[in-house]
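> run-v4.pdb is reproduced in full below (PDB, C-alpha atoms, pLDDT in the B column).
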```pdb
ATOM      1  CA  VAL A   1     -89.499  56.697  67.801  1.00 35.00           C
ATOM      2  CA  GLU A   2     -92.150  56.691  65.122  1.00 39.00           C
ATOM      3  CA  GLY A   3     -90.742  56.593  61.600  1.00 45.00           C
ATOM      4  CA  GLU A   4     -87.240  55.735  62.759  1.00 49.00           C
ATOM      5  CA  ASP A   5     -85.530  52.572  61.573  1.00 55.00           C
ATOM      6  CA  GLU A   6     -82.554  52.483  63.896  1.00 56.00           C
ATOM      7  CA  VAL A   7     -81.849  51.239  67.371  1.00 52.00           C
ATOM      8  CA  MET A   8     -82.518  53.972  69.910  1.00 57.00           C
ATOM      9  CA  GLY A   9     -82.324  54.408  73.692  1.00 56.00           C
ATOM     10  CA  PRO A  10     -82.274  55.948  76.141  1.00 54.00           C
ATOM     11  CA  TRP A  11     -80.951  53.104  78.206  1.00 56.00           C
ATOM     12  CA  LEU A  12     -79.101  52.938  81.437  1.00 56.00           C
ATOM     13  CA  ILE A  13     -77.662  49.486  81.862  1.00 63.00           C
ATOM     14  CA  ASN A  14     -75.941  49.087  85.198  1.00 63.00           C
ATOM     15  CA  GLY A  15     -73.349  46.349  85.224  1.00 65.00           C
ATOM     16  CA  PRO A  16     -70.283  45.610  87.313  1.00 68.00           C
ATOM     17  CA  SER A  17     -68.465  48.565  85.714  1.00 72.00           C
ATOM     18  CA  GLY A  18     -71.329  51.062  86.015  1.00 71.00           C
ATOM     19  CA  ASP A  19     -73.262  52.254  82.948  1.00 71.00           C
ATOM     20  CA  GLU A  20     -72.777  49.690  80.180  1.00 71.00           C
ATOM     21  CA  SER A  21     -75.323  51.150  77.726  1.00 72.00           C
ATOM     22  CA  SER A  22     -72.736  51.810  75.037  1.00 77.00           C
ATOM     23  CA  ALA A  23     -71.525  48.206  75.240  1.00 77.00           C
ATOM     24  CA  LEU A  24     -75.088  46.953  74.724  1.00 76.00           C
ATOM     25  CA  LEU A  25     -75.671  49.311  71.812  1.00 78.00           C
ATOM     26  CA  ALA A  26     -72.413  48.184  70.175  1.00 84.00           C
ATOM     27  CA  LYS A  27     -73.441  44.534  70.573  1.00 83.00           C
ATOM     28  CA  ILE A  28     -76.905  45.220  69.138  1.00 81.00           C
ATOM     29  CA  MET A  29     -75.375  46.961  66.128  1.00 84.00           C
ATOM     30  CA  GLU A  30     -72.988  44.021  65.651  1.00 88.00           C
ATOM     31  CA  TRP A  31     -75.819  41.488  65.728  1.00 85.00           C
ATOM     32  CA  ASP A  32     -78.004  43.611  63.468  1.00 84.00           C
ATOM     33  CA  SER A  33     -75.299  44.077  60.837  1.00 86.00           C
ATOM     34  CA  ALA A  34     -74.609  40.312  60.944  1.00 89.00           C
ATOM     35  CA  ASN A  35     -78.336  39.671  60.271  1.00 87.00           C
ATOM     36  CA  LYS A  36     -78.769  37.925  63.628  1.00 87.00           C
ATOM     37  CA  PHE A  37     -81.878  38.266  65.719  1.00 86.00           C
ATOM     38  CA  PHE A  38     -81.805  39.472  69.285  1.00 85.00           C
ATOM     39  CA  LYS A  39     -84.568  39.700  71.873  1.00 88.00           C
ATOM     40  CA  LEU A  40     -84.451  42.431  74.469  1.00 84.00           C
ATOM     41  CA  ASN A  41     -86.240  41.868  77.780  1.00 85.00           C
ATOM     42  CA  ALA A  42     -85.542  38.143  77.613  1.00 85.00           C
ATOM     43  CA  ASP A  43     -88.164  36.072  79.393  1.00 88.00           C
ATOM     44  CA  GLN A  44     -90.110  39.289  80.003  1.00 89.00           C
ATOM     45  CA  ASN A  45     -88.176  40.061  83.186  1.00 87.00           C
ATOM     46  CA  GLY A  46     -88.703  43.830  82.953  1.00 83.00           C
ATOM     47  CA  PHE A  47     -91.878  45.885  82.931  1.00 84.00           C
ATOM     48  CA  PHE A  48     -91.339  47.797  79.704  1.00 82.00           C
ATOM     49  CA  ARG A  49     -92.172  47.614  76.021  1.00 86.00           C
ATOM     50  CA  VAL A  50     -89.634  46.874  73.318  1.00 86.00           C
ATOM     51  CA  SER A  51     -89.857  47.693  69.651  1.00 83.00           C
ATOM     52  CA  TYR A  52     -87.428  46.785  66.917  1.00 86.00           C
ATOM     53  CA  THR A  53     -86.431  47.843  63.429  1.00 84.00           C
ATOM     54  CA  ASP A  54     -88.400  46.364  60.530  1.00 87.00           C
ATOM     55  CA  SER A  55     -85.554  43.991  59.673  1.00 87.00           C
ATOM     56  CA  GLN A  56     -85.240  42.854  63.275  1.00 88.00           C
ATOM     57  CA  TRP A  57     -88.997  42.155  63.529  1.00 89.00           C
ATOM     58  CA  LYS A  58     -88.655  39.926  60.449  1.00 89.00           C
ATOM     59  CA  ARG A  59     -85.774  38.024  62.042  1.00 90.00           C
ATOM     60  CA  LEU A  60     -87.736  37.665  65.265  1.00 90.00           C
ATOM     61  CA  GLY A  61     -90.714  36.368  63.291  1.00 88.00           C
ATOM     62  CA  CYS A  62     -88.489  33.567  61.965  1.00 86.00           C
ATOM     63  CA  ALA A  63     -87.239  32.832  65.484  1.00 87.00           C
ATOM     64  CA  MET A  64     -90.883  32.626  66.652  1.00 86.00           C
ATOM     65  CA  SER A  65     -91.782  30.066  64.007  1.00 78.00           C
ATOM     66  CA  PRO A  66     -92.225  26.397  64.910  1.00 74.00           C
ATOM     67  CA  GLY A  67     -88.835  25.007  65.770  1.00 75.00           C
ATOM     68  CA  GLY A  68     -87.567  28.539  66.368  1.00 79.00           C
ATOM     69  CA  GLN A  69     -85.257  29.485  69.194  1.00 85.00           C
ATOM     70  CA  LEU A  70     -87.619  31.551  71.334  1.00 88.00           C
ATOM     71  CA  SER A  71     -89.378  30.353  74.448  1.00 89.00           C
ATOM     72  CA  ALA A  72     -93.126  30.617  74.914  1.00 89.00           C
ATOM     73  CA  THR A  73     -92.559  33.547  77.283  1.00 92.00           C
ATOM     74  CA  ASP A  74     -90.526  35.401  74.663  1.00 93.00           C
ATOM     75  CA  ARG A  75     -93.127  34.688  71.965  1.00 92.00           C
ATOM     76  CA  LEU A  76     -95.832  36.042  74.264  1.00 94.00           C
ATOM     77  CA  GLY A  77     -93.755  39.168  74.909  1.00 95.00           C
ATOM     78  CA  LEU A  78     -93.129  39.774  71.216  1.00 95.00           C
ATOM     79  CA  VAL A  79     -96.809  39.379  70.337  1.00 95.00           C
ATOM     80  CA  SER A  80     -97.759  41.733  73.162  1.00 96.00           C
ATOM     81  CA  ASP A  81     -95.093  44.332  72.311  1.00 95.00           C
ATOM     82  CA  SER A  82     -95.849  44.239  68.597  1.00 95.00           C
ATOM     83  CA  PHE A  83     -99.598  44.762  68.983  1.00 96.00           C
ATOM     84  CA  ALA A  84     -99.042  47.452  71.635  1.00 95.00           C
ATOM     85  CA  ALA A  85     -96.804  49.320  69.170  1.00 92.00           C
ATOM     86  CA  GLY A  86     -99.485  48.935  66.507  1.00 93.00           C
ATOM     87  CA  ARG A  87    -102.300  50.162  68.759  1.00 92.00           C
ATOM     88  CA  SER A  88    -100.281  53.172  69.879  1.00 90.00           C
ATOM     89  CA  GLY A  89     -99.320  54.170  66.340  1.00 89.00           C
ATOM     90  CA  TYR A  90     -95.602  53.456  66.663  1.00 87.00           C
ATOM     91  CA  SER A  91     -95.811  50.850  63.922  1.00 89.00           C
ATOM     92  CA  PRO A  92     -98.436  49.762  61.411  1.00 92.00           C
ATOM     93  CA  ILE A  93    -100.763  47.044  62.688  1.00 94.00           C
ATOM     94  CA  SER A  94     -99.947  45.194  59.468  1.00 94.00           C
ATOM     95  CA  ASP A  95     -96.459  44.611  60.928  1.00 93.00           C
ATOM     96  CA  SER A  96     -98.057  42.817  63.879  1.00 94.00           C
ATOM     97  CA  LEU A  97    -100.176  40.724  61.542  1.00 95.00           C
ATOM     98  CA  ALA A  98     -97.088  39.834  59.501  1.00 93.00           C
ATOM     99  CA  LEU A  99     -95.323  38.779  62.703  1.00 92.00           C
ATOM    100  CA  VAL A 100     -98.072  36.306  63.661  1.00 93.00           C
ATOM    101  CA  GLN A 101     -99.179  35.073  60.245  1.00 90.00           C
ATOM    102  CA  ASP A 102     -97.269  31.790  60.626  1.00 86.00           C
ATOM    103  CA  PHE A 103     -98.737  30.923  64.019  1.00 84.00           C
ATOM    104  CA  GLY A 104    -101.032  28.532  62.196  1.00 81.00           C
ATOM    105  CA  LEU A 105     -98.020  26.288  61.633  1.00 82.00           C
ATOM    106  CA  HIS A 106     -97.419  25.800  65.338  1.00 78.00           C
ATOM    107  CA  THR A 107     -98.164  22.325  66.596  1.00 73.00           C
ATOM    108  CA  THR A 108     -97.930  23.195  70.284  1.00 72.00           C
ATOM    109  CA  ALA A 109    -100.498  25.333  72.003  1.00 69.00           C
ATOM    110  CA  GLU A 110     -99.042  27.338  74.857  1.00 83.00           C
ATOM    111  CA  TYR A 111    -102.068  28.771  76.593  1.00 86.00           C
ATOM    112  CA  ALA A 112    -100.653  32.218  77.439  1.00 89.00           C
ATOM    113  CA  VAL A 113     -99.261  32.814  73.945  1.00 90.00           C
ATOM    114  CA  TRP A 114    -102.472  31.833  72.184  1.00 91.00           C
ATOM    115  CA  GLN A 115    -104.526  33.837  74.666  1.00 93.00           C
ATOM    116  CA  GLU A 116    -102.449  36.990  74.060  1.00 95.00           C
ATOM    117  CA  LEU A 117    -102.612  36.481  70.306  1.00 95.00           C
ATOM    118  CA  SER A 118    -106.366  35.872  70.413  1.00 95.00           C
ATOM    119  CA  GLU A 119    -107.133  38.915  72.561  1.00 96.00           C
ATOM    120  CA  ASN A 120    -105.305  41.152  70.092  1.00 97.00           C
ATOM    121  CA  LEU A 121    -106.820  39.573  66.988  1.00 97.00           C
ATOM    122  CA  SER A 122    -110.291  39.584  68.545  1.00 97.00           C
ATOM    123  CA  ALA A 123    -110.001  43.321  69.206  1.00 97.00           C
ATOM    124  CA  LEU A 124    -109.060  43.864  65.561  1.00 97.00           C
ATOM    125  CA  ALA A 125    -111.937  41.649  64.385  1.00 97.00           C
ATOM    126  CA  SER A 126    -114.336  43.832  66.363  1.00 96.00           C
ATOM    127  CA  LEU A 127    -112.902  46.951  64.736  1.00 95.00           C
ATOM    128  CA  TYR A 128    -112.902  45.483  61.232  1.00 96.00           C
ATOM    129  CA  LYS A 129    -116.336  43.844  61.364  1.00 96.00           C
ATOM    130  CA  SER A 130    -118.005  46.430  59.121  1.00 96.00           C
ATOM    131  CA  GLU A 131    -115.021  46.995  56.829  1.00 97.00           C
ATOM    132  CA  PRO A 132    -115.060  45.732  53.234  1.00 97.00           C
ATOM    133  CA  PHE A 133    -111.888  43.693  53.831  1.00 97.00           C
ATOM    134  CA  PHE A 134    -113.353  41.814  56.815  1.00 97.00           C
ATOM    135  CA  VAL A 135    -113.844  38.606  54.783  1.00 97.00           C
ATOM    136  CA  LYS A 136    -110.109  38.596  53.999  1.00 97.00           C
ATOM    137  CA  PHE A 137    -109.339  39.184  57.668  1.00 97.00           C
ATOM    138  CA  GLN A 138    -111.559  36.229  58.590  1.00 96.00           C
ATOM    139  CA  ARG A 139    -109.579  34.050  56.147  1.00 96.00           C
ATOM    140  CA  PHE A 140    -106.383  35.285  57.809  1.00 96.00           C
ATOM    141  CA  LEU A 141    -107.782  34.244  61.206  1.00 96.00           C
ATOM    142  CA  HIS A 142    -108.886  30.883  59.827  1.00 95.00           C
ATOM    143  CA  ASN A 143    -105.360  30.237  58.517  1.00 93.00           C
ATOM    144  CA  ILE A 144    -103.938  30.954  61.960  1.00 92.00           C
ATOM    145  CA  TYR A 145    -106.422  28.870  63.961  1.00 92.00           C
ATOM    146  CA  ALA A 146    -107.399  25.957  61.676  1.00 92.00           C
ATOM    147  CA  ASN A 147    -104.350  23.797  62.462  1.00 88.00           C
ATOM    148  CA  GLN A 148    -104.803  24.233  66.207  1.00 87.00           C
ATOM    149  CA  MET A 149    -108.493  23.386  65.888  1.00 89.00           C
ATOM    150  CA  LYS A 150    -107.603  20.250  63.957  1.00 89.00           C
ATOM    151  CA  THR A 151    -105.006  19.273  66.580  1.00 86.00           C
ATOM    152  CA  ILE A 152    -107.082  20.040  69.665  1.00 86.00           C
ATOM    153  CA  GLY A 153    -110.421  18.986  68.212  1.00 87.00           C
ATOM    154  CA  TRP A 154    -113.934  20.046  68.979  1.00 89.00           C
ATOM    155  CA  ASP A 155    -114.558  17.641  71.842  1.00 90.00           C
ATOM    156  CA  PRO A 156    -112.598  17.192  75.076  1.00 89.00           C
ATOM    157  CA  THR A 157    -110.483  14.073  75.466  1.00 88.00           C
ATOM    158  CA  PRO A 158    -109.197  12.311  78.580  1.00 89.00           C
ATOM    159  CA  HIS A 159    -105.659  13.401  77.610  1.00 87.00           C
ATOM    160  CA  ASP A 160    -106.419  17.151  77.764  1.00 87.00           C
ATOM    161  CA  ASP A 161    -104.307  19.128  80.194  1.00 84.00           C
ATOM    162  CA  ASP A 162    -105.600  21.971  82.368  1.00 81.00           C
ATOM    163  CA  HIS A 163    -105.423  24.627  79.665  1.00 85.00           C
ATOM    164  CA  THR A 164    -106.626  22.668  76.643  1.00 86.00           C
ATOM    165  CA  GLY A 165    -110.301  23.403  77.314  1.00 85.00           C
ATOM    166  CA  SER A 166    -109.571  27.121  77.554  1.00 88.00           C
ATOM    167  CA  ILE A 167    -107.482  27.080  74.380  1.00 86.00           C
ATOM    168  CA  ARG A 168    -110.219  25.105  72.615  1.00 89.00           C
ATOM    169  CA  ALA A 169    -112.857  27.682  73.594  1.00 89.00           C
ATOM    170  CA  THR A 170    -110.606  30.528  72.465  1.00 89.00           C
ATOM    171  CA  ILE A 171    -109.887  28.910  69.116  1.00 89.00           C
ATOM    172  CA  ILE A 172    -113.543  28.109  68.491  1.00 90.00           C
ATOM    173  CA  SER A 173    -114.495  31.718  69.226  1.00 90.00           C
ATOM    174  CA  MET A 174    -111.849  32.938  66.775  1.00 91.00           C
ATOM    175  CA  MET A 175    -112.928  30.614  63.967  1.00 84.00           C
TER     176      MET A 175
END
```
Would you encode the structure as structure tokens?

Amino acid sequence: VEGEDEVMGPWLINGPSGDESSALLAKIMEWDSANKFFKLNADQNGFFRVSYTDSQWKRLGCAMSPGGQLSATDRLGLVSDSFAAGRSGYSPISDSLALVQDFGLHTTAEYAVWQELSENLSALASLYKSEPFFVKFQRFLHNIYANQMKTIGWDPTPHDDDHTGSIRATIISMM
């Protein structure tokens, strides 16, 4: 719910004992009060959006960082959910940008994650093109993509896998 900073449902979690929603909510509250991150819709198995409290987004951002504990599928889901919440007005788009600002530190390039990130940032670049802060936004994009460009390089190599050419084209278009 917009403007709320607490975990909210409604959920209906069917387990062996029937509705286990209250058990899930209790566990979420336990993790949250212990400053632990949690990721709902693990591995994007469900067809629904998830949003989190501000503090939980920050914890998830750390878990998304290089060496973090989240899989590529979970990183893709978080990027997608965060930007969807921003586009729909449920959270400021600046929260989404804060979530992805350290993507430039990643040394691996998972095609789907970078594609999702790039589609969202490209849409914002189109919106911001005539804004006075666009130069700062371009620097933000450069900070995200420069390391990947350096790693992947401008020219194809014999060691490129199937997605490297696509990632390269995406990164070049974002720079």
> Quick one: pull the distance between CA of Ser166 (chain A) and CA of Asn143 (chain A), Å, one decimal.
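Value for the CA of Ser166 (chain A)-CA of Asn143 (chain A) distance: 19.7 Å.
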> Write out as a list in words the residues lying within 12 Å of Gly68 (chain A), counting all atoms listed in the file and excluding same-chain residues fewer than 5 positions away.
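Everything that qualifies: Phe37, Arg59, Leu60, Gly61, Cys62, Ala63, Asp74, Arg75, Asp102, Phe103, Leu105 and His106 of chain A.
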> Name the closest residue to Pro66 (chain A) among the candidates A:Ser130, A:Thr151, A:Thr107, A:Ser17; distances are taken between atoms, counting only C-alpha atoms.
A:Thr107
> Looking at all atoms listed in the file, which of A:Asn120, A:Gln115, A:Ser126, A:Asn41 is the one that sits closest to Leu97 (chain A)?
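Nearest candidate to Leu97 (chain A) out of A:Asn120, A:Gln115, A:Ser126, A:Asn41: A:Asn120.
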> Point out the residue among A:Lys58, A:Arg87, A:Phe47, A:Gly18 with the least atom-to-atom distance to Asp32 (chain A), counting only C-alpha atoms.
A:Lys58
> Take the PyMOL selection byres ((chain A and resi 80) around 10), run it mentally on this structure, and tell me the resulting residues as a list in words.
Arg49, Val50, Asp74, Arg75, Leu76, Gly77, Leu78, Val79, Asp81, Ser82, Phe83, Ala84, Ala85, Gly86, Ser96, Val113, Glu116, Leu117, Glu119 and Asn120 of chain A
> Quick one: region 12-41 of chain A from the block, N, CA and C atoms, as a short mmCIF file (atom, residue, chain, number, x, y, z; two decimals), in the first residue's frame.

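What landed in decode-v3.cif:
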```
data_model
loop_
_atom_site.label_atom_id
_atom_site.label_comp_id
_atom_site.auth_asym_id
_atom_site.auth_seq_id
_atom_site.Cartn_x
_atom_site.Cartn_y
_atom_site.Cartn_z
N LEU A 12 -2.84 -15.86 1.27
CA LEU A 12 -3.41 -17.14 1.64
C LEU A 12 -2.36 -18.16 1.27
N ILE A 13 -1.69 -18.67 2.26
CA ILE A 13 -0.62 -19.63 2.06
C ILE A 13 -1.15 -20.99 2.49
N ASN A 14 -1.37 -21.85 1.53
CA ASN A 14 -1.86 -23.18 1.85
C ASN A 14 -0.70 -24.13 2.05
N GLY A 15 -0.62 -24.68 3.23
CA GLY A 15 0.39 -25.66 3.58
C GLY A 15 -0.29 -26.93 4.04
N PRO A 16 0.48 -27.84 4.60
CA PRO A 16 -0.08 -29.11 5.06
C PRO A 16 -1.20 -28.93 6.10
N SER A 17 -1.14 -27.83 6.86
CA SER A 17 -2.14 -27.61 7.91
C SER A 17 -3.22 -26.63 7.49
N GLY A 18 -3.32 -26.32 6.21
CA GLY A 18 -4.31 -25.34 5.75
C GLY A 18 -3.66 -23.98 5.57
N ASP A 19 -4.38 -22.91 5.94
CA ASP A 19 -3.88 -21.55 5.79
C ASP A 19 -2.75 -21.29 6.78
N GLU A 20 -1.56 -21.02 6.25
CA GLU A 20 -0.39 -20.77 7.10
C GLU A 20 0.11 -19.33 6.94
N SER A 21 -0.80 -18.42 6.57
CA SER A 21 -0.43 -17.02 6.36
C SER A 21 0.14 -16.39 7.63
N SER A 22 -0.47 -16.66 8.76
CA SER A 22 0.00 -16.04 10.00
C SER A 22 1.40 -16.53 10.36
N ALA A 23 1.70 -17.79 10.05
CA ALA A 23 3.04 -18.30 10.31
C ALA A 23 4.07 -17.58 9.44
N LEU A 24 3.73 -17.34 8.17
CA LEU A 24 4.64 -16.61 7.28
C LEU A 24 4.83 -15.18 7.77
N LEU A 25 3.75 -14.52 8.13
CA LEU A 25 3.86 -13.14 8.61
C LEU A 25 4.72 -13.08 9.87
N ALA A 26 4.56 -14.01 10.78
CA ALA A 26 5.37 -14.04 12.00
C ALA A 26 6.85 -14.22 11.65
N LYS A 27 7.14 -15.09 10.69
CA LYS A 27 8.53 -15.33 10.29
C LYS A 27 9.12 -14.09 9.62
N ILE A 28 8.33 -13.42 8.78
CA ILE A 28 8.79 -12.19 8.13
C ILE A 28 9.10 -11.13 9.18
N MET A 29 8.23 -10.98 10.15
CA MET A 29 8.47 -9.99 11.21
C MET A 29 9.73 -10.33 12.01
N GLU A 30 9.94 -11.61 12.25
CA GLU A 30 11.14 -12.06 12.97
C GLU A 30 12.40 -11.71 12.19
N TRP A 31 12.41 -12.03 10.89
CA TRP A 31 13.57 -11.72 10.06
C TRP A 31 13.79 -10.22 9.97
N ASP A 32 12.71 -9.47 9.80
CA ASP A 32 12.82 -8.03 9.66
C ASP A 32 13.39 -7.40 10.93
N SER A 33 12.89 -7.82 12.08
CA SER A 33 13.39 -7.23 13.34
C SER A 33 14.82 -7.67 13.63
N ALA A 34 15.27 -8.78 13.05
CA ALA A 34 16.66 -9.23 13.22
C ALA A 34 17.57 -8.64 12.13
N ASN A 35 17.03 -7.72 11.33
CA ASN A 35 17.78 -7.08 10.24
C ASN A 35 18.31 -8.08 9.22
N LYS A 36 17.54 -9.13 8.95
CA LYS A 36 17.88 -10.11 7.93
C LYS A 36 17.07 -9.81 6.68
N PHE A 37 17.64 -10.12 5.54
CA PHE A 37 16.86 -9.95 4.31
C PHE A 37 16.05 -11.22 4.08
N PHE A 38 14.98 -11.05 3.34
CA PHE A 38 14.20 -12.18 2.86
C PHE A 38 13.70 -11.83 1.48
N LYS A 39 13.51 -12.82 0.65
CA LYS A 39 13.04 -12.62 -0.72
C LYS A 39 11.79 -13.46 -0.90
N LEU A 40 10.67 -12.80 -1.11
CA LEU A 40 9.43 -13.51 -1.41
C LEU A 40 9.40 -13.83 -2.90
N ASN A 41 8.66 -14.83 -3.27
CA ASN A 41 8.59 -15.32 -4.64
C ASN A 41 9.98 -15.76 -5.12
#
```
